[in-house]
Amino acid sequence: MKGMARRRERLKRKSWGRALLWSFSALYGAAMVVRRWLYELGALRSRRLRAKVICIGNLTTGGTGKTPAVLLAATTLRRRNHAVAILSRGYGRRAVNGEVLTLLDEEAPPWTKCGDEPWMMHQALHGQNIPILVSSDRVKAGEVATNYYHSRTLILDDGFQHLRLKRDLDVVLLNAVDPFGGGALLPLGNLREPARALSRAHMIVITHSDRVPADELETLKDVVKSLNPTAPVLEAAHRPDFLLDLRSSKRTKLSHLEGRKVVSLCGIGEPANFEEQLERLGAVVAQKWRYPDHHPYTPREIRSLENVRAGLPVVTTFKDFTRFPKDWKNLLEDDVFALAIKLDILKGRNVWIDTLLRVAGTPAALEPDAESLDKAEAE
């Protein structure tokens with residue numbers, strides 16, 4: 001993946017390279033149009049499951065903070081006694097065709113089998129009775145969720161372009177910093193679909209809205225409204241939640257980093273955002289180690305970090321920690337933390353809660369404090 005990104009950047013610097021990438025983008029766009037037509041004409045069939053399906057997706061490749069949004073949607077419903085499950089493709093895993101893996105409580109295969117993002121979600125949701133079903137066949141995964149776990153609401157992770165499964169709500173995330181992936185389709189840009197595909201969304205959440213000036217955010221909202229006049233547009237930000245001491249598995253207060261020099265280690269779509277979050281917590285980022293998104297760390301890379309970190313605490317992401325080598329504790333000494341991130345709806349929290357509950361319907365039995373919880377979160 002890293003090599004492909006570098007080759008693309010080299011091609012962009014040459015006129016013939018840009019022309020080549022543009023031609024591939026045109027072919028990709030045509031293929032996407034034909035594929036959608038085939039579904040609309042019925043040549044390819046979409047399936048409806050015996051459950052409500054809420055899709056959390058985006059238009060671009062990475063950078064929108066989708067995983068915290070999936071977690072927020074699942075917990076919003078589960079805390080109100082909805083039987084909810086998450087369906088994930090499990091990017092970057094060693095997949096077996098047709099296999100459905102389940103992560104629930106103590107049931108958890110290694111991340112190499114289920115993917116780093118499902119494994120990370122499993123850690124974050126531990127004890128909440130929310131099964132995560134991982135399969136390249138998300139229809140089959142949904143059937144397992146409804147038949148064996150009696151789930152009545154399914155969260156489709158990264159499924160806006162997944163047309164085989166019918167959904168009841170499409171939530172699309174846009175990164176305020178780069179909402180339309182450079183304005184071009186893959187591979188010239190980072191768009192999976194043209195911006196006009198936003199017209200299919202039922203709700204649009206602008207993430208990282210705190211990272212752009214107010215006038216720039218308002219301009220983006222105007223553009224979004226021109227593409228989809230009916231969908232509510234929410235504003236959100238990704239906030240640090242807590243630190244996990246990876247040696248003791250104990251939660252640590254965020255203030256633990258204040259005034260301390262640290263080493264940041266990440267292989268995610270937006271490394272700069274992670275580093276900025278550490279700085280906003282009062283940490284001094286003395287070293288920045290960046291790897292491609294979904295990068296599997298090798299013992300050699302971890303040893304290299306240990307050799308030059310000069311005893312400073314290492315702070316990584318939950319997603320990155322899942323990809324550490326098994327013997328990482330023998331390679332890294334002293335303090336190693338993972339920073340947990342949550343999605344905070346800044347504007348439109350009422351809309352978020354009400355829309356999810358309306359789509360999910362009435363659960364079998366309401367929690368005694370469900371009504372007060374709604375009011376508390378809406379404030």
# chains A, B, ... in the order shown; residues from 1 in each chain; ligands from 1
$ residues_around --residues "Thr102 in chain A" --least-positions-apart "2" --cutoff "10 Å" --atoms "only C-alpha atoms" --output "list in words"
Ile86, Leu87, Glu99, Val100, Leu104, Asp105, Glu107, Ala108, Pro109, Cys114, Pro118, His122, Pro131, Ile132, Leu133, Val134, Ser135, Ala141, Val144 and Ala145 of chain A
$ select_by_dssp --residues "range 183-366 of chain A" --states "alpha helix (DSSP H)" --output "ChimeraX atom specification"
/A:214-227,271-280,299-308,318-321,328-331,349-360
$ write_last_selection --atoms "C-alpha atoms" --output "mmCIF file, in the first residue's frame"
data_model
loop_
_atom_site.group_PDB
_atom_site.id
_atom_site.type_symbol
_atom_site.label_atom_id
_atom_site.label_comp_id
_atom_site.auth_asym_id
_atom_site.auth_seq_id
_atom_site.Cartn_x
_atom_site.Cartn_y
_atom_site.Cartn_z
ATOM 1 C CA ALA A 214 -16.128 28.710 10.642
ATOM 2 C CA ASP A 215 -16.556 30.362 7.226
ATOM 3 C CA GLU A 216 -14.967 27.370 5.478
ATOM 4 C CA LEU A 217 -17.312 25.037 7.351
ATOM 5 C CA GLU A 218 -20.354 27.084 6.326
ATOM 6 C CA THR A 219 -19.228 27.013 2.690
ATOM 7 C CA LEU A 220 -18.925 23.232 2.853
ATOM 8 C CA LYS A 221 -22.411 22.963 4.349
ATOM 9 C CA ASP A 222 -23.769 25.055 1.465
ATOM 10 C CA VAL A 223 -22.108 22.697 -1.029
ATOM 11 C CA VAL A 224 -23.538 19.677 0.781
ATOM 12 C CA LYS A 225 -27.019 21.202 0.786
ATOM 13 C CA SER A 226 -26.769 21.837 -2.959
ATOM 14 C CA LEU A 227 -25.990 18.143 -3.474
ATOM 15 C CA PRO A 271 -1.726 10.814 11.154
ATOM 16 C CA ALA A 272 -1.520 14.594 11.577
ATOM 17 C CA ASN A 273 -4.882 14.632 13.347
ATOM 18 C CA PHE A 274 -3.696 12.043 15.870
ATOM 19 C CA GLU A 275 -0.533 14.030 16.557
ATOM 20 C CA GLU A 276 -2.540 17.263 16.968
ATOM 21 C CA GLN A 277 -4.795 15.535 19.492
ATOM 22 C CA LEU A 278 -1.756 14.599 21.561
ATOM 23 C CA GLU A 279 -0.561 18.199 21.475
ATOM 24 C CA ARG A 280 -3.993 19.476 22.528
ATOM 25 C CA PRO A 299 9.435 -6.879 15.291
ATOM 26 C CA ARG A 300 12.219 -5.095 13.401
ATOM 27 C CA GLU A 301 10.189 -1.858 13.204
ATOM 28 C CA ILE A 302 9.316 -1.996 16.894
ATOM 29 C CA ARG A 303 12.960 -2.610 17.796
ATOM 30 C CA SER A 304 13.966 0.388 15.679
ATOM 31 C CA LEU A 305 11.536 2.569 17.592
ATOM 32 C CA GLU A 306 12.836 1.283 20.923
ATOM 33 C CA ASN A 307 16.426 2.052 19.912
ATOM 34 C CA VAL A 308 15.769 5.753 19.323
ATOM 35 C CA PHE A 318 -6.235 1.427 19.417
ATOM 36 C CA LYS A 319 -6.265 0.436 15.756
ATOM 37 C CA ASP A 320 -2.468 0.408 15.595
ATOM 38 C CA PHE A 321 -2.086 -1.578 18.797
ATOM 39 C CA TRP A 328 5.885 -6.505 21.525
ATOM 40 C CA LYS A 329 6.256 -6.397 25.332
ATOM 41 C CA ASN A 330 9.721 -7.896 24.964
ATOM 42 C CA LEU A 331 10.642 -5.234 22.399
ATOM 43 C CA ARG A 349 -27.175 15.507 18.628
ATOM 44 C CA ASN A 350 -30.983 15.408 18.911
ATOM 45 C CA VAL A 351 -31.238 14.567 15.227
ATOM 46 C CA TRP A 352 -28.658 11.773 15.594
ATOM 47 C CA ILE A 353 -30.476 10.127 18.500
ATOM 48 C CA ASP A 354 -34.003 10.615 17.170
ATOM 49 C CA THR A 355 -33.164 9.356 13.681
ATOM 50 C CA LEU A 356 -31.425 6.197 14.881
ATOM 51 C CA LEU A 357 -34.238 5.387 17.304
ATOM 52 C CA ARG A 358 -36.903 6.037 14.680
ATOM 53 C CA VAL A 359 -35.248 3.667 12.214
ATOM 54 C CA ALA A 360 -34.551 0.984 14.822
#
$ select_by_dssp --residues "range 20-224 of chain A" --states "strand (DSSP E or B)" --output "ChimeraX atom specification"
/A:47,52-58,60,84-88,101-104,107,132-134,153-157,165,169-175,185,191,203-207
$ residues_around --residues "His208 in chain A" --least-positions-apart "2" --cutoff "12 Å" --atoms "only C-alpha atoms" --output "mmCIF file with C-alpha atoms, in the first residue's frame"
data_model
loop_
_atom_site.group_PDB
_atom_site.id
_atom_site.type_symbol
_atom_site.label_atom_id
_atom_site.label_comp_id
_atom_site.auth_asym_id
_atom_site.auth_seq_id
_atom_site.Cartn_x
_atom_site.Cartn_y
_atom_site.Cartn_z
ATOM 1 C CA GLY A 63 -9.774 10.000 6.915
ATOM 2 C CA THR A 64 -13.396 10.542 7.986
ATOM 3 C CA GLY A 65 -13.186 8.789 11.353
ATOM 4 C CA LYS A 66 -15.736 6.135 10.470
ATOM 5 C CA LEU A 173 -19.354 11.059 6.833
ATOM 6 C CA LEU A 174 -17.388 13.898 5.263
ATOM 7 C CA ASN A 175 -14.007 15.050 6.509
ATOM 8 C CA ALA A 176 -14.189 18.844 6.793
ATOM 9 C CA VAL A 177 -10.477 19.121 5.988
ATOM 10 C CA ASP A 178 -10.762 17.246 2.660
ATOM 11 C CA PRO A 179 -14.428 16.384 2.078
ATOM 12 C CA VAL A 205 -22.111 14.131 9.346
ATOM 13 C CA ILE A 206 -19.232 16.540 8.808
ATOM 14 C CA ASP A 210 -13.376 21.758 14.623
ATOM 15 C CA ARG A 211 -10.303 21.696 12.385
ATOM 16 C CA VAL A 212 -11.463 24.264 9.810
ATOM 17 C CA PRO A 213 -12.436 27.943 10.112
ATOM 18 C CA LEU A 217 -17.312 25.037 7.351
ATOM 19 C CA LEU A 234 -24.589 17.406 11.485
ATOM 20 C CA GLU A 235 -21.246 18.640 12.788
ATOM 21 C CA ALA A 236 -18.922 16.385 14.755
ATOM 22 C CA ALA A 237 -15.420 16.232 16.162
ATOM 23 C CA HIS A 238 -13.184 13.416 17.328
ATOM 24 C CA ARG A 239 -12.226 13.797 20.965
ATOM 25 C CA GLU A 270 -4.989 10.987 9.134
ATOM 26 C CA ASN A 273 -4.882 14.632 13.347
ATOM 27 C CA PHE A 274 -3.696 12.043 15.870
ATOM 28 C CA GLU A 276 -2.540 17.263 16.968
ATOM 29 C CA GLN A 277 -4.795 15.535 19.492
ATOM 30 C CA LYS A 342 -14.775 9.027 20.564
ATOM 31 C CA LEU A 343 -17.044 10.882 18.143
ATOM 32 C CA ASP A 344 -18.698 13.922 19.666
ATOM 33 C CA ILE A 345 -21.745 15.330 17.858
ATOM 34 C CA LEU A 346 -21.332 19.103 18.221
#
$ residues_around --residues "Leu198 in chain A" --least-positions-apart "6" --cutoff "9 Å" --atoms "only C-alpha atoms" --output "VMD selection string"
chain A and resid 58 to 59 172 204 224 227 to 228
$ write_last_selection --atoms "N, CA and C atoms" --output "PDB file, in the first residue's frame"
ATOM      1  N   ASN A  58     -18.807   6.500   3.714  1.00  0.00           N
ATOM      2  CA  ASN A  58     -18.211   7.751   3.265  1.00  0.00           C
ATOM      3  C   ASN A  58     -18.015   7.718   1.756  1.00  0.00           C
ATOM      4  N   LEU A  59     -17.553   8.842   1.220  1.00  0.00           N
ATOM      5  CA  LEU A  59     -17.298   8.939  -0.221  1.00  0.00           C
ATOM      6  C   LEU A  59     -15.835   8.715  -0.559  1.00  0.00           C
ATOM      7  N   VAL A 172     -23.652   9.262   5.918  1.00  0.00           N
ATOM      8  CA  VAL A 172     -22.396   9.487   5.192  1.00  0.00           C
ATOM      9  C   VAL A 172     -21.556  10.511   5.943  1.00  0.00           C
ATOM     10  N   ILE A 204     -26.046  13.336   6.916  1.00  0.00           N
ATOM     11  CA  ILE A 204     -24.655  13.649   6.582  1.00  0.00           C
ATOM     12  C   ILE A 204     -23.987  14.235   7.822  1.00  0.00           C
ATOM     13  N   VAL A 224     -22.839  20.915   0.437  1.00  0.00           N
ATOM     14  CA  VAL A 224     -23.538  19.677   0.781  1.00  0.00           C
ATOM     15  C   VAL A 224     -25.030  19.832   0.552  1.00  0.00           C
ATOM     16  N   LEU A 227     -26.028  19.519  -2.984  1.00  0.00           N
ATOM     17  CA  LEU A 227     -25.990  18.143  -3.474  1.00  0.00           C
ATOM     18  C   LEU A 227     -27.120  17.300  -2.893  1.00  0.00           C
ATOM     19  N   ASN A 228     -27.563  17.657  -1.681  1.00  0.00           N
ATOM     20  CA  ASN A 228     -28.636  16.915  -1.022  1.00  0.00           C
ATOM     21  C   ASN A 228     -29.422  17.887  -0.141  1.00  0.00           C
TER      22      ASN A 228
END
$ residues_around --residues "Ile155 in chain A" --least-positions-apart "3" --cutoff "10 Å" --atoms "only C-alpha atoms" --output "ChimeraX atom specification"
/A:52-56,70-71,73-74,84-88,132,142,158-159,167,169
$ closest_residue --among "A:Asn129, A:Ser25, A:Ser15, A:Ser209" --to "Arg79 in chain A" --atoms "only C-alpha atoms"
A:Asn129
$ closest_residue --among "A:Ala286, A:Asp137, A:Asp335, A:Thr322" --to "Thr112 in chain A" --atoms "only C-alpha atoms"
A:Thr322
$ decode --residues "range 139-260 of chain A" --atoms "C-alpha atoms" --output "PDB file, in the first residue's frame"
ATOM      1  CA  VAL A 139     -25.578 -10.507   3.606  1.00  0.00           C
ATOM      2  CA  LYS A 140     -24.518 -13.832   5.076  1.00  0.00           C
ATOM      3  CA  ALA A 141     -23.056 -12.052   8.117  1.00  0.00           C
ATOM      4  CA  GLY A 142     -26.371 -10.255   8.601  1.00  0.00           C
ATOM      5  CA  GLU A 143     -28.248 -13.551   8.450  1.00  0.00           C
ATOM      6  CA  VAL A 144     -25.983 -14.969  11.158  1.00  0.00           C
ATOM      7  CA  ALA A 145     -26.620 -11.864  13.291  1.00  0.00           C
ATOM      8  CA  THR A 146     -30.407 -12.160  12.972  1.00  0.00           C
ATOM      9  CA  ASN A 147     -30.665 -15.964  13.214  1.00  0.00           C
ATOM     10  CA  TYR A 148     -28.141 -16.732  15.955  1.00  0.00           C
ATOM     11  CA  TYR A 149     -27.824 -13.503  17.918  1.00  0.00           C
ATOM     12  CA  HIS A 150     -31.399 -12.279  17.377  1.00  0.00           C
ATOM     13  CA  SER A 151     -30.157  -8.847  16.330  1.00  0.00           C
ATOM     14  CA  ARG A 152     -32.900  -6.554  15.091  1.00  0.00           C
ATOM     15  CA  THR A 153     -30.736  -3.598  14.068  1.00  0.00           C
ATOM     16  CA  LEU A 154     -27.558  -4.030  12.032  1.00  0.00           C
ATOM     17  CA  ILE A 155     -24.835  -1.386  11.708  1.00  0.00           C
ATOM     18  CA  LEU A 156     -23.214  -1.785   8.290  1.00  0.00           C
ATOM     19  CA  ASP A 157     -19.635  -0.614   8.662  1.00  0.00           C
ATOM     20  CA  ASP A 158     -18.238   1.166   5.588  1.00  0.00           C
ATOM     21  CA  GLY A 159     -21.135   0.129   3.367  1.00  0.00           C
ATOM     22  CA  PHE A 160     -22.227   3.162   1.353  1.00  0.00           C
ATOM     23  CA  GLN A 161     -20.912   1.545  -1.836  1.00  0.00           C
ATOM     24  CA  HIS A 162     -22.137  -1.928  -0.809  1.00  0.00           C
ATOM     25  CA  LEU A 163     -25.307  -2.207  -2.893  1.00  0.00           C
ATOM     26  CA  ARG A 164     -26.040  -5.895  -2.326  1.00  0.00           C
ATOM     27  CA  LEU A 165     -27.583  -5.234   1.081  1.00  0.00           C
ATOM     28  CA  LYS A 166     -30.651  -3.001   1.318  1.00  0.00           C
ATOM     29  CA  ARG A 167     -30.535  -0.473   4.106  1.00  0.00           C
ATOM     30  CA  ASP A 168     -33.028   1.691   5.994  1.00  0.00           C
ATOM     31  CA  LEU A 169     -30.667   4.562   6.775  1.00  0.00           C
ATOM     32  CA  ASP A 170     -27.520   5.792   5.012  1.00  0.00           C
ATOM     33  CA  VAL A 171     -25.264   7.965   7.171  1.00  0.00           C
ATOM     34  CA  VAL A 172     -22.396   9.487   5.192  1.00  0.00           C
ATOM     35  CA  LEU A 173     -19.354  11.059   6.833  1.00  0.00           C
ATOM     36  CA  LEU A 174     -17.388  13.898   5.263  1.00  0.00           C
ATOM     37  CA  ASN A 175     -14.007  15.050   6.509  1.00  0.00           C
ATOM     38  CA  ALA A 176     -14.189  18.844   6.793  1.00  0.00           C
ATOM     39  CA  VAL A 177     -10.477  19.121   5.988  1.00  0.00           C
ATOM     40  CA  ASP A 178     -10.762  17.246   2.660  1.00  0.00           C
ATOM     41  CA  PRO A 179     -14.428  16.384   2.078  1.00  0.00           C
ATOM     42  CA  PHE A 180     -14.190  15.282  -1.549  1.00  0.00           C
ATOM     43  CA  GLY A 181     -10.870  13.479  -1.753  1.00  0.00           C
ATOM     44  CA  GLY A 182      -9.057  16.034  -3.863  1.00  0.00           C
ATOM     45  CA  GLY A 183     -11.989  16.318  -6.273  1.00  0.00           C
ATOM     46  CA  ALA A 184     -11.153  13.250  -8.346  1.00  0.00           C
ATOM     47  CA  LEU A 185     -12.038   9.573  -8.399  1.00  0.00           C
ATOM     48  CA  LEU A 186      -9.576   6.817  -7.613  1.00  0.00           C
ATOM     49  CA  PRO A 187      -6.734   6.517  -8.457  1.00  0.00           C
ATOM     50  CA  LEU A 188      -6.183  10.179  -9.388  1.00  0.00           C
ATOM     51  CA  GLY A 189      -7.959  11.313  -6.217  1.00  0.00           C
ATOM     52  CA  ASN A 190      -9.435   9.590  -3.185  1.00  0.00           C
ATOM     53  CA  LEU A 191     -13.113   9.595  -4.159  1.00  0.00           C
ATOM     54  CA  ARG A 192     -14.829   6.227  -4.270  1.00  0.00           C
ATOM     55  CA  GLU A 193     -17.833   7.851  -5.962  1.00  0.00           C
ATOM     56  CA  PRO A 194     -18.546  11.269  -7.469  1.00  0.00           C
ATOM     57  CA  ALA A 195     -19.689  13.920  -5.000  1.00  0.00           C
ATOM     58  CA  ARG A 196     -23.210  13.774  -6.454  1.00  0.00           C
ATOM     59  CA  ALA A 197     -23.583  10.322  -4.849  1.00  0.00           C
ATOM     60  CA  LEU A 198     -24.155  12.272  -1.657  1.00  0.00           C
ATOM     61  CA  SER A 199     -27.761  12.669  -2.853  1.00  0.00           C
ATOM     62  CA  ARG A 200     -28.429   9.071  -1.672  1.00  0.00           C
ATOM     63  CA  ALA A 201     -27.604   9.888   1.962  1.00  0.00           C
ATOM     64  CA  HIS A 202     -30.305  10.197   4.605  1.00  0.00           C
ATOM     65  CA  MET A 203     -28.006  11.912   7.105  1.00  0.00           C
ATOM     66  CA  ILE A 204     -24.655  13.649   6.582  1.00  0.00           C
ATOM     67  CA  VAL A 205     -22.111  14.131   9.346  1.00  0.00           C
ATOM     68  CA  ILE A 206     -19.232  16.540   8.808  1.00  0.00           C
ATOM     69  CA  THR A 207     -16.406  15.174  10.934  1.00  0.00           C
ATOM     70  CA  HIS A 208     -13.304  17.081  12.077  1.00  0.00           C
ATOM     71  CA  SER A 209     -15.490  20.191  11.894  1.00  0.00           C
ATOM     72  CA  ASP A 210     -13.376  21.758  14.623  1.00  0.00           C
ATOM     73  CA  ARG A 211     -10.303  21.696  12.385  1.00  0.00           C
ATOM     74  CA  VAL A 212     -11.463  24.264   9.810  1.00  0.00           C
ATOM     75  CA  PRO A 213     -12.436  27.943  10.112  1.00  0.00           C
ATOM     76  CA  ALA A 214     -16.128  28.710  10.642  1.00  0.00           C
ATOM     77  CA  ASP A 215     -16.556  30.362   7.226  1.00  0.00           C
ATOM     78  CA  GLU A 216     -14.967  27.370   5.478  1.00  0.00           C
ATOM     79  CA  LEU A 217     -17.312  25.037   7.351  1.00  0.00           C
ATOM     80  CA  GLU A 218     -20.354  27.084   6.326  1.00  0.00           C
ATOM     81  CA  THR A 219     -19.228  27.013   2.690  1.00  0.00           C
ATOM     82  CA  LEU A 220     -18.925  23.232   2.853  1.00  0.00           C
ATOM     83  CA  LYS A 221     -22.411  22.963   4.349  1.00  0.00           C
ATOM     84  CA  ASP A 222     -23.769  25.055   1.465  1.00  0.00           C
ATOM     85  CA  VAL A 223     -22.108  22.697  -1.029  1.00  0.00           C
ATOM     86  CA  VAL A 224     -23.538  19.677   0.781  1.00  0.00           C
ATOM     87  CA  LYS A 225     -27.019  21.202   0.786  1.00  0.00           C
ATOM     88  CA  SER A 226     -26.769  21.837  -2.959  1.00  0.00           C
ATOM     89  CA  LEU A 227     -25.990  18.143  -3.474  1.00  0.00           C
ATOM     90  CA  ASN A 228     -28.636  16.915  -1.022  1.00  0.00           C
ATOM     91  CA  PRO A 229     -31.225  19.508   0.068  1.00  0.00           C
ATOM     92  CA  THR A 230     -33.230  17.139   2.289  1.00  0.00           C
ATOM     93  CA  ALA A 231     -30.716  15.264   4.466  1.00  0.00           C
ATOM     94  CA  PRO A 232     -29.891  16.822   7.863  1.00  0.00           C
ATOM     95  CA  VAL A 233     -26.279  17.974   8.130  1.00  0.00           C
ATOM     96  CA  LEU A 234     -24.589  17.406  11.485  1.00  0.00           C
ATOM     97  CA  GLU A 235     -21.246  18.640  12.788  1.00  0.00           C
ATOM     98  CA  ALA A 236     -18.922  16.385  14.755  1.00  0.00           C
ATOM     99  CA  ALA A 237     -15.420  16.232  16.162  1.00  0.00           C
ATOM    100  CA  HIS A 238     -13.184  13.416  17.328  1.00  0.00           C
ATOM    101  CA  ARG A 239     -12.226  13.797  20.965  1.00  0.00           C
ATOM    102  CA  PRO A 240      -9.755  11.886  23.114  1.00  0.00           C
ATOM    103  CA  ASP A 241     -11.609   9.621  25.511  1.00  0.00           C
ATOM    104  CA  PHE A 242      -9.011   7.934  27.720  1.00  0.00           C
ATOM    105  CA  LEU A 243      -5.547   6.371  27.722  1.00  0.00           C
ATOM    106  CA  LEU A 244      -5.085   2.625  28.008  1.00  0.00           C
ATOM    107  CA  ASP A 245      -1.865   1.480  29.636  1.00  0.00           C
ATOM    108  CA  LEU A 246      -1.026  -1.384  27.297  1.00  0.00           C
ATOM    109  CA  ARG A 247       1.122  -3.183  29.849  1.00  0.00           C
ATOM    110  CA  SER A 248      -1.422  -3.255  32.665  1.00  0.00           C
ATOM    111  CA  SER A 249      -4.624  -2.946  30.536  1.00  0.00           C
ATOM    112  CA  LYS A 250      -5.746  -0.210  32.942  1.00  0.00           C
ATOM    113  CA  ARG A 251      -7.355   3.068  31.945  1.00  0.00           C
ATOM    114  CA  THR A 252      -5.344   6.189  32.638  1.00  0.00           C
ATOM    115  CA  LYS A 253      -6.465   9.819  32.731  1.00  0.00           C
ATOM    116  CA  LEU A 254      -5.660  11.995  29.741  1.00  0.00           C
ATOM    117  CA  SER A 255      -3.916  14.444  32.052  1.00  0.00           C
ATOM    118  CA  HIS A 256      -1.144  11.848  32.423  1.00  0.00           C
ATOM    119  CA  LEU A 257       0.399  13.206  29.198  1.00  0.00           C
ATOM    120  CA  GLU A 258       0.286  16.885  30.124  1.00  0.00           C
ATOM    121  CA  GLY A 259       3.700  18.513  29.849  1.00  0.00           C
ATOM    122  CA  ARG A 260       5.435  15.242  28.915  1.00  0.00           C
TER     123      ARG A 260
END
